[in-house]
Amino acid sequence: MTESSTMQVTVQNITTSLKDKPGALLPILHAIQDTLGFVPDESIPTIAKALNLSRAEVHGVISFYHYFRNTKPGKNTIHLCRAESCQAMGGKHLENHVKSRLGIDFHETTADGQFSLEPVYCLGNCACSPAMQIGTEIYGRVSTESFDTTINEIEASA
Ligand code: FES
């Protein structure tokens with residue numbers, strides 16, 4: 001089975017199991033993203049048909065919520081905090097550095113598939129601003145230097 005048809009089966013199974021719940025669209029989208037890491041564009045017709053919605057309606061909801069992504073995430077997703085405390089502690093400067101070091105903007109993935117970059121609005125680590133999360137690990141007092149060190153270590157272990 002190809003990767004695409006495996007994804008379609010997953011999407012179909014999730015949609016079938018949740019479609020009769022009230023307000024099923026968001027739970028379906030969450031379940032697909034939790035399982036596949038993203039909501040592939042190919043899933044839109046399946047979801048639309050099951051819920052009796054137009055494709056445009058499903059697409060509209062996916063694009064309204066920035067949380068949902070329609071491209072496969074990188075091996076490591078970097079969540080960079082953009083909330084107030086981190087902004088006050090040099091978050092913007094760090095953000096510019098992160099984007100230039102990785103060569104990507106928010107919601108994008110590096111060409112080698114190693115890193116995706118997503119904004120987050122408070123990681124609950126304000127006392128150690130600026131903060132970021134990679135995978136399950138939270139990093140505090142992130143500087144441009146410590147960011148580069150962390151990224152270099154991840155790249156070296158890849
Ligand atoms: S504002 Fe960034 S961790 Fe709370």
# chains A, B, ... in the order shown; residues from 1 in each chain; ligands from 1

$ residues_around --residues "segment 30-41 of chain A" --least-positions-apart "4" --cutoff "12 Å" --atoms "only C-alpha atoms" --output "NGL selection string"
:A and (3-19 or 24-26 or 45-48 or 55-56 or 58-63 or 65-77 or 107 or 116)

$ closest_atom_pairs --of "chain A" --to "ligand 1" --cutoff "7 Å" --atoms "only C-alpha atoms and all ligand atoms" --output "JSON lines"
{"residue": "A:Cys81", "atom": "CA", "partner": "ligand 1", "partner_atom_place_in_ligand_line": "2 (Fe)", "distance": 4.7}
{"residue": "A:Arg82", "atom": "CA", "partner": "ligand 1", "partner_atom_place_in_ligand_line": "2 (Fe)", "distance": 6.2}
{"residue": "A:Ala83", "atom": "CA", "partner": "ligand 1", "partner_atom_place_in_ligand_line": "1 (S)", "distance": 4.2}
{"residue": "A:Glu84", "atom": "CA", "partner": "ligand 1", "partner_atom_place_in_ligand_line": "1 (S)", "distance": 5.0}
{"residue": "A:Ser85", "atom": "CA", "partner": "ligand 1", "partner_atom_place_in_ligand_line": "1 (S)", "distance": 4.1}
{"residue": "A:Cys86", "atom": "CA", "partner": "ligand 1", "partner_atom_place_in_ligand_line": "2 (Fe)", "distance": 4.3}
{"residue": "A:Tyr121", "atom": "CA", "partner": "ligand 1", "partner_atom_place_in_ligand_line": "1 (S)", "distance": 6.5}
{"residue": "A:Cys122", "atom": "CA", "partner": "ligand 1", "partner_atom_place_in_ligand_line": "4 (Fe)", "distance": 3.7}
{"residue": "A:Leu123", "atom": "CA", "partner": "ligand 1", "partner_atom_place_in_ligand_line": "3 (S)", "distance": 4.1}
{"residue": "A:Gly124", "atom": "CA", "partner": "ligand 1", "partner_atom_place_in_ligand_line": "3 (S)", "distance": 4.7}
{"residue": "A:Asn125", "atom": "CA", "partner": "ligand 1", "partner_atom_place_in_ligand_line": "3 (S)", "distance": 4.0}
{"residue": "A:Cys126", "atom": "CA", "partner": "ligand 1", "partner_atom_place_in_ligand_line": "4 (Fe)", "distance": 3.7}
{"residue": "A:Ser129", "atom": "CA", "partner": "ligand 1", "partner_atom_place_in_ligand_line": "2 (Fe)", "distance": 5.7}
{"residue": "A:Pro130", "atom": "CA", "partner": "ligand 1", "partner_atom_place_in_ligand_line": "2 (Fe)", "distance": 5.8}
{"residue": "A:Ala131", "atom": "CA", "partner": "ligand 1", "partner_atom_place_in_ligand_line": "3 (S)", "distance": 5.3}

$ select_by_dssp --residues "segment 13-125 of chain A" --states "alpha helix (DSSP H)" --output "PyMOL selection string"
chain A and resi 13-18+25-36+43-51+55-64+84-88+91-102

$ select_by_dssp --residues "segment 15-122 of chain A" --states "strand (DSSP E)" --output "VMD selection string"
chain A and resid 76 to 81 108 to 109 115 to 120

$ atom_distance --atom1 "atom CA of Met89 of chain A" --atom2 "atom CA of Arg141 of chain A"
8.6 Å
